[in-house]
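Engineer: Structure supplied as query_16.txt; contents: compact mmCIF, C-alpha atoms.
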# COMPACT_ATOMS: atom_id res chain seq x y z
CA MET A 1268 19.76 10.45 11.08
CA GLU A 1269 22.89 12.32 9.98
CA GLU A 1270 24.68 9.06 9.30
CA ILE A 1271 21.89 7.93 6.95
CA LYS A 1272 21.91 11.29 5.17
CA ASN A 1273 25.69 11.07 4.75
CA ARG A 1274 25.29 7.62 3.26
CA ARG A 1275 22.77 8.96 0.77
CA THR A 1276 25.04 11.86 -0.17
CA LYS A 1277 27.94 9.48 -0.83
CA PHE A 1278 25.62 7.24 -2.82
CA ILE A 1279 24.44 10.13 -5.01
CA VAL A 1280 28.02 11.30 -5.62
CA LEU A 1281 29.11 7.79 -6.58
CA GLN A 1282 26.15 7.42 -8.95
CA SER A 1283 26.95 10.78 -10.57
CA ILE A 1284 30.57 9.78 -11.13
CA PHE A 1285 29.57 6.46 -12.63
CA ALA A 1286 26.98 8.08 -14.91
CA SER A 1287 29.59 10.53 -16.16
CA ILE A 1288 32.03 7.70 -16.88
CA VAL A 1289 29.37 5.71 -18.77
CA ILE A 1290 28.45 8.74 -20.88
CA ILE A 1291 32.10 9.43 -21.74
CA LEU A 1292 32.81 5.78 -22.58
CA SER A 1293 29.65 5.60 -24.71
CA ILE A 1294 30.68 8.67 -26.70
CA LEU A 1295 34.17 7.29 -27.23
CA ALA A 1296 32.77 3.93 -28.28
CA LEU A 1297 30.42 5.54 -30.78
CA LEU A 1298 33.29 7.56 -32.26
CA TYR A 1299 36.04 4.95 -32.33
CA ARG A 1300 34.90 1.43 -31.35
CA PRO A 1301 31.11 0.94 -31.82
CA GLU A 1302 31.46 -2.80 -31.17
CA PHE A 1303 32.27 -2.02 -27.52
CA LEU A 1304 28.98 -0.19 -26.97
CA ILE A 1305 27.05 -3.36 -26.16
CA PHE A 1306 29.47 -4.17 -23.33
CA ILE A 1307 29.08 -0.68 -21.90
CA VAL A 1308 25.28 -1.06 -21.95
CA ILE A 1309 25.46 -4.45 -20.21
CA PHE A 1310 27.83 -3.04 -17.59
CA ALA A 1311 25.52 -0.07 -17.02
CA ILE A 1312 22.51 -2.38 -16.50
CA LEU A 1313 24.42 -4.53 -14.02
CA TRP A 1314 25.55 -1.42 -12.18
CA LEU A 1315 21.95 -0.16 -12.02
CA ILE A 1316 20.77 -3.43 -10.48
CA ALA A 1317 23.64 -3.40 -7.98
CA SER A 1318 22.85 0.24 -7.13
CA LEU A 1319 19.20 -0.50 -6.42
CA LEU A 1320 20.17 -3.38 -4.14
CA GLY A 1321 22.85 -1.27 -2.50
CA TYR A 1322 20.49 1.62 -1.84
CA HIS A 1323 17.95 -0.76 -0.29
CA HIS A 1324 20.41 -2.42 2.10
CA TYR A 1325 22.80 0.46 2.74
CA ILE A 1326 20.31 3.34 3.09
CA LYS A 1327 16.63 2.39 3.03
CA LEU A 1328 16.62 -0.53 5.49
CA PRO A 1329 18.88 1.22 8.04
CA TYR A 1330 16.63 4.28 7.83
CA LYS A 1331 13.52 2.20 8.46
CA MET A 1332 14.98 0.24 11.38
CA MET A 1333 17.22 2.91 12.96
CA ILE A 1334 14.95 5.96 12.52
CA VAL A 1335 11.37 5.04 11.62
CA GLN A 1336 10.95 2.09 14.00
CA PRO A 1337 12.10 3.77 17.25
CA THR A 1338 10.30 7.00 16.35
CA ILE A 1339 6.94 5.28 15.91
CA GLU A 1340 7.35 2.89 18.85
CA ASN A 1341 8.24 5.80 21.15
CA ILE A 1342 4.97 7.60 20.40
CA ARG A 1343 3.07 5.36 22.78
CA ASN A 1344 3.54 2.05 24.58
CA GLY A 1345 2.23 -0.90 22.62
CA ILE A 1346 2.84 0.36 19.09
CA LYS A 1347 4.99 -1.97 17.00
CA TYR A 1348 6.60 -1.15 13.67
CA ASN A 1349 8.28 -3.48 11.20
CA TYR A 1350 9.42 -2.71 7.67
CA ILE A 1351 8.51 -6.28 6.71
CA VAL A 1352 4.82 -7.24 6.87
CA THR A 1353 4.74 -10.37 9.02
CA TYR A 1354 1.49 -11.80 7.57
CA GLU A 1355 2.38 -10.95 3.97
CA MET A 1356 1.49 -14.36 2.49
CA GLY A 1357 -1.81 -14.39 4.36
CA TYR A 1358 -2.84 -11.00 3.01
CA LYS A 1359 -1.82 -12.03 -0.49
CA GLU A 1360 -4.04 -15.11 -0.23
CA ILE A 1361 -6.98 -13.01 0.99
CA ILE A 1362 -6.65 -10.66 -1.98
CA LYS A 1363 -6.52 -13.59 -4.38
CA LYS A 1364 -9.28 -15.63 -2.68
CA TYR A 1365 -11.81 -12.81 -2.79
CA LYS A 1366 -10.59 -11.48 -6.17
CA LEU A 1367 -10.21 -7.98 -4.75
CA PHE A 1368 -7.76 -7.02 -7.52
CA PRO A 1369 -8.34 -9.76 -10.08
CA LEU A 1370 -5.53 -8.83 -12.47
CA ALA A 1371 -2.81 -8.23 -9.86
CA LYS A 1372 0.11 -10.67 -9.96
CA LYS A 1373 2.82 -8.80 -8.04
CA PHE A 1374 2.43 -7.49 -4.49
CA ASN A 1375 4.80 -5.22 -2.58
CA PHE A 1376 4.09 -4.96 1.17
CA ASN A 1377 5.99 -2.80 3.66
CA ASP A 1378 5.83 -0.48 6.68
CA GLU A 1379 3.71 -2.56 9.04
CA ILE A 1380 2.24 -0.88 12.12
CA LYS A 1381 0.47 -2.84 14.87
CA ASP A 1382 -1.58 -0.58 17.10
CA ILE A 1383 -4.92 0.05 18.82
CA VAL A 1384 -7.81 2.18 17.54
CA ASP A 1385 -10.97 2.69 19.61
CA GLU A 1386 -9.99 -0.33 21.75
CA ASN A 1387 -9.63 -2.56 18.67
CA SER A 1388 -6.32 -4.07 17.54
CA TYR A 1389 -5.30 -3.24 14.01
CA THR A 1390 -2.48 -3.71 11.54
CA SER A 1391 -1.71 -1.22 8.78
CA PHE A 1392 0.77 -1.36 5.92
CA ASP A 1393 1.55 0.08 2.50
CA LEU A 1394 0.68 -2.04 -0.51
CA ILE A 1395 1.35 -1.83 -4.22
CA ALA A 1396 -0.46 -4.47 -6.31
CA SER A 1397 0.30 -4.60 -10.01
CA HIS A 1398 0.36 -6.67 -13.17
CA GLN A 1399 2.18 -6.43 -16.49
CA VAL A 1400 0.66 -5.83 -19.90
CA SER A 1401 2.55 -6.78 -23.07
CA SER A 1402 1.88 -5.27 -26.47
CA GLY A 1403 4.20 -7.71 -28.21
CA LYS A 1404 6.96 -5.14 -28.63
CA SER A 1405 7.05 -3.79 -25.10
CA THR A 1406 5.85 -4.55 -21.59
CA ARG A 1407 4.50 -2.05 -19.10
CA THR A 1408 3.45 -2.28 -15.47
CA VAL A 1409 -0.13 -1.43 -14.54
CA ILE A 1410 -0.86 -0.46 -10.92
CA ASP A 1411 -4.04 -2.12 -9.62
CA PHE A 1412 -3.77 -0.68 -6.13
CA GLN A 1413 -1.40 1.68 -4.37
CA GLY A 1414 -2.01 2.96 -0.89
CA LYS A 1415 -2.69 2.01 2.70
CA VAL A 1416 -4.35 -1.16 3.98
CA TYR A 1417 -5.90 -1.38 7.45
CA ASP A 1418 -6.79 -4.72 9.06
CA ILE A 1419 -8.96 -4.18 12.15
CA GLU A 1420 -10.04 -7.05 14.40
CA LEU A 1421 -13.75 -6.31 14.89
CA GLY A 1422 -15.07 -9.81 15.46
CA GLU A 1423 -17.80 -11.75 13.65
CA THR A 1424 -20.59 -9.98 11.80
CA TYR A 1425 -23.89 -11.17 10.33
CA CYS A 1426 -22.31 -11.98 6.98
CA ASP A 1427 -19.23 -11.19 4.95
CA TYR A 1428 -19.41 -8.22 2.61
CA ILE A 1429 -17.31 -6.08 0.29
CA LEU A 1430 -18.14 -2.42 -0.26
CA LYS A 1431 -16.31 -0.67 -3.08
CA GLN A 1432 -16.47 2.47 -5.14
CA ASP A 1433 -18.55 2.04 -8.27
CA GLY A 1434 -16.09 1.17 -11.02
CA LYS A 1435 -14.37 -2.07 -11.97
CA LYS A 1436 -16.57 -5.03 -11.21
CA ILE A 1437 -15.34 -8.00 -9.19
CA ASN A 1438 -16.73 -11.51 -8.93
CA PRO A 1439 -15.80 -13.03 -5.54
CA ASP A 1440 -16.97 -16.61 -5.11
CA GLY A 1441 -20.01 -16.94 -2.84
CA PHE A 1442 -20.87 -13.22 -2.97
CA THR A 1443 -23.90 -11.59 -4.58
CA LYS A 1444 -24.00 -8.00 -5.79
CA LEU A 1445 -27.08 -6.23 -4.47
CA ASP A 1446 -28.69 -2.83 -4.14
CA LEU A 1447 -29.69 -1.12 -0.91
CA GLU A 1448 -32.76 1.02 -0.28
CA SER A 1449 -30.85 4.17 -1.11
CA ILE A 1450 -30.41 5.48 -4.63
CA GLU A 1451 -27.53 7.71 -3.51
CA MET A 1452 -25.75 4.77 -1.87
CA ASN A 1453 -26.22 2.54 -4.90
CA GLU A 1454 -24.92 5.23 -7.23
CA LYS A 1455 -21.75 5.69 -5.17
CA PHE A 1456 -20.92 2.11 -4.18
CA ASP A 1457 -21.06 -1.52 -5.21
CA LEU A 1458 -22.01 -3.89 -2.39
CA TYR A 1459 -21.29 -7.63 -2.44
CA ALA A 1460 -22.50 -9.93 0.35
CA THR A 1461 -22.58 -13.64 1.20
CA ASP A 1462 -26.15 -13.40 2.53
CA ILE A 1463 -28.71 -11.13 0.86
CA VAL A 1464 -30.96 -11.21 3.94
CA GLU A 1465 -28.47 -10.81 6.80
CA ILE A 1466 -26.71 -7.93 5.05
CA TYR A 1467 -29.66 -5.65 5.90
CA LYS A 1468 -28.92 -6.13 9.60
CA ILE A 1469 -25.56 -4.47 8.94
CA PHE A 1470 -26.52 -1.81 6.43
CA THR A 1471 -29.33 -0.30 8.42
CA PRO A 1472 -30.81 3.08 7.43
CA LYS A 1473 -28.53 4.67 10.05
CA LEU A 1474 -25.35 3.10 8.61
CA ILE A 1475 -26.41 3.93 5.06
CA LYS A 1476 -26.93 7.54 6.12
CA ASN A 1477 -23.51 7.65 7.82
CA CYS A 1478 -21.83 6.17 4.75
CA SER A 1479 -23.61 8.51 2.36
CA GLU A 1480 -22.48 11.56 4.31
CA ILE A 1481 -18.78 10.66 4.09
CA ASN A 1482 -16.80 10.93 0.90
CA PHE A 1483 -15.33 7.49 1.40
CA PHE A 1484 -13.29 6.83 -1.66
CA GLU A 1485 -11.45 9.38 -3.74
CA ASN A 1486 -10.01 6.57 -5.82
CA LYS A 1487 -12.10 3.82 -7.41
CA ASN A 1488 -9.70 1.08 -6.34
CA SER A 1489 -10.57 1.67 -2.67
CA MET A 1490 -12.83 -0.75 -0.81
CA ILE A 1491 -14.02 -1.91 2.60
CA CYS A 1492 -14.40 -5.60 3.42
CA HIS A 1493 -15.65 -7.42 6.51
CA LEU A 1494 -14.40 -10.98 6.10
CA GLY A 1495 -14.72 -13.33 9.05
CA THR A 1496 -13.56 -11.46 12.14
CA HIS A 1497 -11.50 -8.89 10.25
CA PHE A 1498 -12.55 -5.52 8.87
CA TYR A 1499 -10.29 -4.41 6.01
CA ILE A 1500 -9.93 -0.93 4.55
CA PHE A 1501 -8.09 -0.74 1.24
CA LEU A 1502 -7.47 2.97 0.74
CA ALA A 1503 -5.99 3.68 -2.70
CA ASN A 1504 -4.55 7.09 -1.82
CA GLN A 1505 -1.38 6.56 -3.89
CA GLU A 1506 0.73 7.28 -0.80
CA ASN A 1507 3.83 5.45 0.40
CA GLN A 1508 4.58 6.54 3.93
CA PHE A 1509 7.82 6.91 5.89
CA GLU A 1510 10.00 7.44 2.82
CA ASN A 1511 12.62 9.97 1.64
CA LEU A 1512 14.62 10.12 4.91
CA LYS A 1513 12.09 12.28 6.75
CA SER A 1514 12.84 13.68 10.19
CA PRO A 1515 11.42 12.05 13.36
CA GLU A 1516 8.94 14.93 13.61
CA GLU A 1517 7.70 14.29 10.06
CA ILE A 1518 7.48 10.56 10.77
CA GLU A 1519 5.27 11.25 13.79
CA GLN A 1520 3.07 13.51 11.68
CA GLU A 1521 2.62 10.74 9.10
CA TYR A 1522 1.74 8.26 11.83
CA PHE A 1523 -1.00 10.50 13.25
CA LYS A 1524 -2.22 11.27 9.73
CA GLN A 1525 -2.77 7.60 8.94
CA LEU A 1526 -4.40 7.04 12.33
CA THR A 1527 -6.82 9.93 11.73
CA THR A 1528 -7.64 8.51 8.31
CA LEU A 1529 -8.36 5.11 9.84
CA LYS A 1530 -10.72 6.62 12.41
CA LYS A 1531 -12.56 8.51 9.68
CA TYR A 1532 -13.32 5.40 7.63
CA LEU A 1533 -13.96 3.13 10.61
CA ALA A 1534 -16.27 5.47 12.56
CA PRO A 1535 -19.52 4.86 10.62
CA PHE A 1536 -19.25 1.11 11.22
CA LEU A 1537 -18.75 1.49 14.98
CA LYS A 1538 -21.71 3.80 15.64
In structure tokens, what does this structure look like?
Structural biologist:
Amino acid sequence: MEEIKNRRTKFIVLQSIFASIVIILSILALLYRPEFLIFIVIFAILWLIASLLGYHHYIKLPYKMMIVQPTIENIRNGIKYNYIVTYEMGYKEIIKKYKLFPLAKKFNFNDEIKDIVDENSYTSFDLIASHQVSSGKSTRTVIDFQGKVYDIELGETYCDYILKQDGKKINPDGFTKLDLESIEMNEKFDLYATDIVEIYKIFTPKLIKNCSEINFFENKNSMICHLGTHFYIFLANQENQFENLKSPEEIEQEYFKQLTTLKKYLAPFLK
């Protein structure tokens, strides 16, 4: 851990020195040789790109693989951590196929954990889904989803469904939006299902009551999907875990925090 912190300290010092040099050169260029200013700007941009790549490979990746991975995998036998999400393309296709975030074009996956919850295998990871909006003069990035995704292997259900916080509408192919026999439930959530008859075998009065009693989604981009044999929880909590060179103790705390969150959202569907 100390080695990684020393690397970050050196990196910050180097960046400070470079920034000071750029500022001084820019001032001198403005005063004496304005035509050189464009070259200073280009050099600064190239340095910024190189710095981002350097930080990723020299500090971030070593931290993830030398500190985060062994810390999480030592919590209990069977837990596996990988900074890279192994099924990244598959998850991207699922999001696109079911139009979960229709506008999203760019996806950033990381911090994969493979573990067991209530005797069910699951995979969790951080996800940022975004798209760009151009006004003609400028372009800005819009975040469609930022948070934790859980993929739990629960097996087949009566029909596929997507349950989301009432907000932006989606239009997944083969799904129908429907209301349940609960005004409170319908006011809080949108429910889409592939079978408008079989869905009532899943959302029984007991499940509806359990869902209504839990404040599922604090962010409207959150959703729960049961697709095939997989139960997905997209929790838009704006968090990005295992960052900022945290200590092993803090990493463990974050692991148990995300596990507790998973149990909270999964529990009503296992009762």
Engineer: Considering only C-alpha atoms, state which residue in the set A:Tyr1322, A:Ala1503, A:Val1384, A:Pro1369 is at the smallest distance from Arg1274 of chain A.
Structural biologist: A:Tyr1322
Engineer: Please compute the atom CA of Gln1508 of chain A-atom CA of Asn1341 of chain A distance, one decimal, in Å.
Structural biologist: 17.6 Å
Engineer: Where's the centre, and what are the edge lengths in Å to one decimal, of a box along x, y and z enclosing all listed atoms of segment 1460-1477 of chain A padded 6 Å per side, as JSON?
Structural biologist:
{"center_x": -26.7, "center_y": -3.0, "center_z": 5.2, "size_x": 20.5, "size_y": 33.3, "size_z": 21.7}
Engineer: I'd like the neighbourhood of Leu1533 of chain A as number ranges by chain, where a residue qualifies if any of its atoms comes within 10 Å (using only C-alpha atoms), though same-chain residues fewer than 5 positions away should be ignored.
Structural biologist: A: 1384-1385, 1417, 1419, 1491, 1498-1500, 1527-1528, 1538
Engineer: Would you list the contacts of Gly1345 of chain A as a list in words, taking every protein, DNA or RNA residue within 10 Å and counting only C-alpha atoms, but skipping same-chain residues closer than 5 positions in sequence?
Structural biologist: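 So, after excluding close chain neighbours, the residues are Glu1340, Lys1381, Asp1382 and Ile1383 of chain A.
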Engineer: I'd like the contact shell of segment 1286-1290 of chain A - 12 Å cut-off, all atoms listed in the file, skipping same-chain residues fewer than 6 positions apart - returned as a PyMOL selection string.
Structural biologist: chain A and resi 1279-1280+1296-1297+1304-1312+1314-1315+1318
Engineer: Of the candidates A:Asn1273, A:Thr1408, A:Thr1471, A:Asn1387, which shows the shortest atom-to-atom distance to Gly1422 of chain A, using all atoms listed in the file?
Structural biologist: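 Counting all atoms listed in the file, the residue closest to Gly1422 of chain A is A:Asn1387.
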Engineer: Which one of A:Leu1298, A:Leu1319, A:Phe1285, A:Ile1342 sits closest to Glu1516 of chain A if you count all atoms listed in the file?
Structural biologist: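 Looking at the shortest contact to Glu1516 of chain A, the residue is A:Ile1342.
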Engineer: When you draw a straight line from atom CA of Ser1391 of chain A to atom CA of Asp1418 of chain A, how long is it in Å?
Structural biologist: 6.2 Å
Engineer: Counting only C-alpha atoms, which residues in segment 1480-1529 of chain A sit no more than 12 Å from segment 1431-1455 of chain A? For each one, give the nearest pair of atoms and the distance in Å, sorted by chain then residue number, as a tab-separated table.
Structural biologist:
residue	atom	partner	partner_atom	distance
A:Glu1480	CA	A:Met1452	CA	9.7
A:Ile1481	CA	A:Met1452	CA	10.9
A:Asn1482	CA	A:Lys1455	CA	9.4
A:Phe1483	CA	A:Gln1432	CA	8.3
A:Phe1484	CA	A:Gln1432	CA	6.4
A:Glu1485	CA	A:Gln1432	CA	8.7
A:Asn1486	CA	A:Gln1432	CA	7.7
A:Lys1487	CA	A:Gln1432	CA	5.1
A:Asn1488	CA	A:Gln1432	CA	7.0
A:Ser1489	CA	A:Lys1431	CA	6.2
A:Met1490	CA	A:Lys1431	CA	4.2
A:Ile1491	CA	A:Lys1431	CA	6.2
A:Cys1492	CA	A:Lys1431	CA	8.4
A:His1493	CA	A:Lys1431	CA	11.7
A:Leu1494	CA	A:Phe1442	CA	11.4
A:Tyr1499	CA	A:Lys1431	CA	11.5
A:Ile1500	CA	A:Lys1431	CA	9.9
A:Phe1501	CA	A:Lys1431	CA	9.3
A:Leu1502	CA	A:Lys1431	CA	10.3
A:Ala1503	CA	A:Gln1432	CA	10.8
Engineer: Residues near Phe1509 of chain A, anyone? I mean within 12 Å using only C-alpha atoms, not counting same-chain ones fewer than 2 positions away, as number ranges by chain.
Structural biologist: A: 1327-1328, 1330-1332, 1334-1336, 1338-1339, 1348-1350, 1377-1380, 1392-1393, 1506-1507, 1511-1522, 1524-1525
Engineer: Expressed in Å to a single decimal, how great is the separation between atom CA of Lys1476 of chain A and atom CA of Leu1458 of chain A?
Structural biologist: 15.1 Å
Engineer: Please determine, counting all atoms listed in the file, which residue among A:Leu1370, A:Ile1326, A:Leu1526, A:Ile1466 has the shortest atom-to-atom distance to Glu1510 of chain A.
Structural biologist: A:Ile1326
Engineer: Name the closest residue to Glu1423 of chain A among the candidates A:Ser1293, A:Asn1504, A:Gln1282, A:Thr1496; distances are taken between atoms, counting only C-alpha atoms.
Structural biologist: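 Closest residue, counting only C-alpha atoms: A:Thr1496.
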Engineer: Pick the closest to Tyr1389 of chain A from A:Glu1465, A:Glu1420, A:Glu1270, A:Asp1457: which is it, counting only C-alpha atoms?
Structural biologist: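 Checking each of A:Glu1465, A:Glu1420, A:Glu1270, A:Asp1457 against Tyr1389 of chain A, counting only C-alpha atoms, the winner is A:Glu1420.
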